[in-house]
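**Student:** First, the structure itself, so that you have it in front of you.
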Amino acid sequence: MRSAVIVDAVRTGSGKGKPGGSLSGTHPVELLATVLSALQERTGIDPALVDDVITGCVAQAGEQSLSIGRQGVLAAGWPVSVPATTIDRQCGSSQQAAHFGAQGVIAGAYDVVVASGVESMSRIPMGTAGIGQDPFGPSVRSRFAPGLIGQGVSAELIAAKWSLTRDELDEFSARSHRLAAAATDAGLFANEIVPVAVTDPAGNAAHHATDETIRASTTPEGLSKLSPSFRSDEYSTRFPQIDWKITPGSSSPLTDGASAMLIVEEELASRLGLRARARFHTFTVVGDDPILMLTAPIPATRKALAKAGLTIDDVDAYEVNEAFAPVPLAWLRELGADPDRLNPCGGAIALGHALGSSGTRLMGTLLNHLEASGGRYGLQTMCEGGGLANATIIERL
């Protein structure tokens with residue numbers, strides 16, 4: 001039976017997703033080309049062997065249009081014979097790219113594939129692709145009348161449903177920064193971050209190789225002074241159960257970044273002299289309520305564990321994307337999981353959430369943590385726009 005293994009996973013350091021951020025002057029195609037080139041250099045793989053490059057990207061407009069995956073392959077200097085495609089499963093786009101790639105390897109459609117993701121939220125602001133358009137249509141709007149809502153309001157609904165207090169949200173958010181800063185200081189991200197050539201504000205050539213979004217000095221007390229971000233009269237009337245507690249501090253920041261991983265059929269990896277670091281064990285993807293929207297990681301995890309024949313206690317580490325603090329906190333309560341195993345190197349609240357890039361970014365961080373800690377199984381899951389979630393279980397080799 002064929003199996004799919006991860007040979008390597010790389011990412012850029014996160015950049016603040018606004019003008020003046022360290023990666024804001026870099027075209028997103030160049031961000032993607034940087035991680036593709038790094039995979040080639042680190043593994044020694046002949047890019048001509050790559051059967052496909054599957055790239056996640058959410059805002060496929062402007063500089064991220066025209067299938068940015070293909071442009072990244074060309075910009076990396078890979079042979080024109082290497083195909084590529086770009087997919088959108090919202091925040092889980094590159095996690096889905098890894099699913100498609102690994103599933104293709106297991107099925108025999110691929111032998112060597114790259115899963116990747118990219119998002120430049122400074123250059124292509126969130127929502128750009130839908131400006132002036134109706135992405136829902138009358139039937140969806142009618143089914144979910146009086147209307148679908150933004151993710152920030154969904155996060156508020158989760159906080160209300162699970163009775164999460166403002167103090168809990170602020171403490172968890174501060175934890176994310178504290179753990180990410182500690183992981184940085186300990187060099188735990190050194191094996192995954194590759195430098196990006198940039199131009200600094202003075203016009204000098206430089207390299208960006210850190211996570212610009214981490215604020216090591218963050219405290220719950222400081223976060224408690226921030227005002228809620230999503231309160232409005234309309235939503236307060238529609239959802240009287242909300243007492244409005246989601247702030248910029250308990251939300252993932254707008255971020256620029258790219259990530260990629262090399263996935264190879266296990267026996268072929270051995271023949272090519274490539275070290276298989278982890279095996280894809282279980283995949284799942286689910287849909288859930290598009291109003292609550294961000295709760296799908298809960299049923300996705302349950303489904304993945306059932307398929308794998310594992311319990312949550314069998315899993316050594318979990319990466320649950322911190323789009324907003326209530327998402328992993330509600331997940332913890334529902335799964336009865338060990339909080340010490342959750343996002344042990346911090347999460348997106350500190351490390352950023354470059355939408356299309358986050359899936360393979362989280363998987364690389366999870367893999368490195370399993371290797372550093374000696375863990376066997378790792379689980380990754382992400383909430384996604386429209387009430388979706390992927391879940392993946394990997395097994396360290």
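In the structure tokens, the first chain shown is A, the next is B, and so on; residue numbers restart at 1 for each chain, and ligands run from 1 in the order shown.
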Taking the chain letters and numbering used in this document, name the residues of range 202-233 of chain A that DSSP puts in strand (DSSP E), as an NGL selection string.
**Tutor:** :A and (205-208)
**Student:** Give me, please, the distance in Å between CA of Ala33 in chain A and CA of Leu254 in chain A, quoted to one decimal.
**Tutor:** 21.1 Å
**Student:** Quick one: everything within 7 Å of range 295-300 of chain A, counting only C-alpha atoms, minus sequence neighbours fewer than 5 positions away in the same chain. Send it as number ranges by chain.
**Tutor:** A: 284-288, 327, 331, 381-383, 387-391
**Student:** For those residues, write C-alpha atoms to a file as a PDB file, in the first residue's frame.
**Tutor:**
ATOM      1  CA  THR A 284     -11.057  14.701   6.948  1.00  0.00           C
ATOM      2  CA  VAL A 285     -13.025  17.774   5.948  1.00  0.00           C
ATOM      3  CA  VAL A 286     -16.486  18.758   7.193  1.00  0.00           C
ATOM      4  CA  GLY A 287     -19.114  21.420   6.865  1.00  0.00           C
ATOM      5  CA  ASP A 288     -20.918  23.047   9.785  1.00  0.00           C
ATOM      6  CA  VAL A 327     -12.155  28.919  18.450  1.00  0.00           C
ATOM      7  CA  TRP A 331     -12.553  23.141  20.827  1.00  0.00           C
ATOM      8  CA  THR A 381      -7.432  21.593  12.331  1.00  0.00           C
ATOM      9  CA  MET A 382      -8.609  24.994  11.135  1.00  0.00           C
ATOM     10  CA  CYS A 383     -11.862  26.892  11.004  1.00  0.00           C
ATOM     11  CA  GLY A 387     -18.537  26.867   8.214  1.00  0.00           C
ATOM     12  CA  LEU A 388     -15.842  24.442   7.023  1.00  0.00           C
ATOM     13  CA  ALA A 389     -12.854  22.729   8.623  1.00  0.00           C
ATOM     14  CA  ASN A 390     -10.085  20.363   7.643  1.00  0.00           C
ATOM     15  CA  ALA A 391      -8.439  18.036  10.133  1.00  0.00           C
TER      16      ALA A 391
END
**Student:** What's the 7 Å shell around range 159-169 of chain A, counting only C-alpha atoms, without same-chain residues fewer than 4 positions away, as a ChimeraX atom specification?
**Tutor:** /A:155,173,241-242,245,250,325-326,330
**Student:** Which residue, A:Thr199, A:Ser270, A:Ser67, A:Asn204, has the smallest gap to Val7 in chain A when you use only C-alpha atoms?
**Tutor:**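 Smallest separation from Val7 in chain A among the options: A:Ser270.
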**Student:** So that I can check the surroundings of Ala317 in chain A, please list as JSON, numbers by chain every protein, DNA and RNA residue that reaches within 7 Å of it, counting only C-alpha atoms and ignoring chain neighbours fewer than 3 positions away.
**Tutor:** {"A": [341, 342, 378, 379]}
**Student:** Using only C-alpha atoms, which protein or nucleic acid residues come within 9 Å of Val118 in chain A? Drop anything in the same chain fewer than 2 positions from it, and give the result as a list in words.
**Tutor:**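 In the requested form, the answer reads Pro28, Val29, Leu31, Leu32, Thr55, Gly56, Cys57, Val58, Gln64, Ile68, Gly69, Ser94, Ser116, Ser120, Asp256, Gly257, Ala258, Ser259, Ala260, Ala354, Leu355, Gly356, Ser357 and Ser358 of chain A.
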**Student:** Excluding Asp200 in chain A and residues on its chain fewer than 5 positions from it, collect all residues at most 12 Å away from it, counting only C-alpha atoms, and give them as a ChimeraX atom specification.
**Tutor:** /A:20-26,205-208
**Student:** For N, CA and C atoms, I'd like the residues from the last selection saved as a PDB file, in the first residue's frame.
**Tutor:**
ATOM      1  N   GLY A  20       3.960  49.082   5.137  1.00  0.00           N
ATOM      2  CA  GLY A  20       5.044  49.253   6.089  1.00  0.00           C
ATOM      3  C   GLY A  20       5.464  47.972   6.765  1.00  0.00           C
ATOM      4  N   GLY A  21       4.671  46.901   6.641  1.00  0.00           N
ATOM      5  CA  GLY A  21       5.076  45.605   7.160  1.00  0.00           C
ATOM      6  C   GLY A  21       6.315  45.110   6.430  1.00  0.00           C
ATOM      7  N   SER A  22       7.076  44.264   7.064  1.00  0.00           N
ATOM      8  CA  SER A  22       8.367  43.864   6.510  1.00  0.00           C
ATOM      9  C   SER A  22       8.263  43.171   5.161  1.00  0.00           C
ATOM     10  N   LEU A  23       7.136  42.523   4.879  1.00  0.00           N
ATOM     11  CA  LEU A  23       6.970  41.833   3.595  1.00  0.00           C
ATOM     12  C   LEU A  23       6.041  42.580   2.649  1.00  0.00           C
ATOM     13  N   SER A  24       5.584  43.763   3.045  1.00  0.00           N
ATOM     14  CA  SER A  24       4.592  44.478   2.232  1.00  0.00           C
ATOM     15  C   SER A  24       5.163  44.982   0.911  1.00  0.00           C
ATOM     16  N   GLY A  25       6.476  45.116   0.826  1.00  0.00           N
ATOM     17  CA  GLY A  25       7.091  45.547  -0.420  1.00  0.00           C
ATOM     18  C   GLY A  25       7.438  44.414  -1.350  1.00  0.00           C
ATOM     19  N   THR A  26       7.099  43.185  -0.970  1.00  0.00           N
ATOM     20  CA  THR A  26       7.448  42.012  -1.753  1.00  0.00           C
ATOM     21  C   THR A  26       6.220  41.452  -2.451  1.00  0.00           C
ATOM     22  N   ALA A 205      19.031  46.625   0.773  1.00  0.00           N
ATOM     23  CA  ALA A 205      18.704  45.207   0.652  1.00  0.00           C
ATOM     24  C   ALA A 205      18.863  44.543   2.014  1.00  0.00           C
ATOM     25  N   ALA A 206      17.915  43.709   2.388  1.00  0.00           N
ATOM     26  CA  ALA A 206      17.938  43.038   3.681  1.00  0.00           C
ATOM     27  C   ALA A 206      17.243  41.691   3.537  1.00  0.00           C
ATOM     28  N   HIS A 207      17.196  40.941   4.636  1.00  0.00           N
ATOM     29  CA  HIS A 207      16.488  39.667   4.657  1.00  0.00           C
ATOM     30  C   HIS A 207      15.545  39.646   5.864  1.00  0.00           C
ATOM     31  N   HIS A 208      14.321  39.182   5.616  1.00  0.00           N
ATOM     32  CA  HIS A 208      13.336  39.056   6.694  1.00  0.00           C
ATOM     33  C   HIS A 208      13.243  37.586   7.076  1.00  0.00           C
TER      34      HIS A 208
END
**Student:** Determine which residues of range 193-290 of chain A DSSP labels as alpha helix (DSSP H) from the backbone of this structure, then write them out as a list in words.
**Tutor:** Pro220, Glu221, Gly222, Leu223, Asp233, Glu234, Tyr235, Ser236, Thr237, Arg238, Glu266, Glu267, Leu268, Ala269, Ser270 and Arg271 of chain A
**Student:** What does the distance from CA of Met1 in chain A to CA of Glu266 in chain A come to in Å, to one decimal?
**Tutor:**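 These atoms are spaced 10.0 Å apart.
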**Student:** For CA of Thr184 in chain A and CA of Val5 in chain A, determine how far apart the two atoms are, in Å to one decimal place.
**Tutor:** 26.5 Å
**Student:** Could you tell me which of A:Ala304, A:Leu223, A:Ile393, A:Ala202 comes closest to Ala174 in chain A if we count only C-alpha atoms?
**Tutor:**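 Going through A:Ala304, A:Leu223, A:Ile393, A:Ala202 one by one, the smallest distance to Ala174 in chain A is for A:Leu223.
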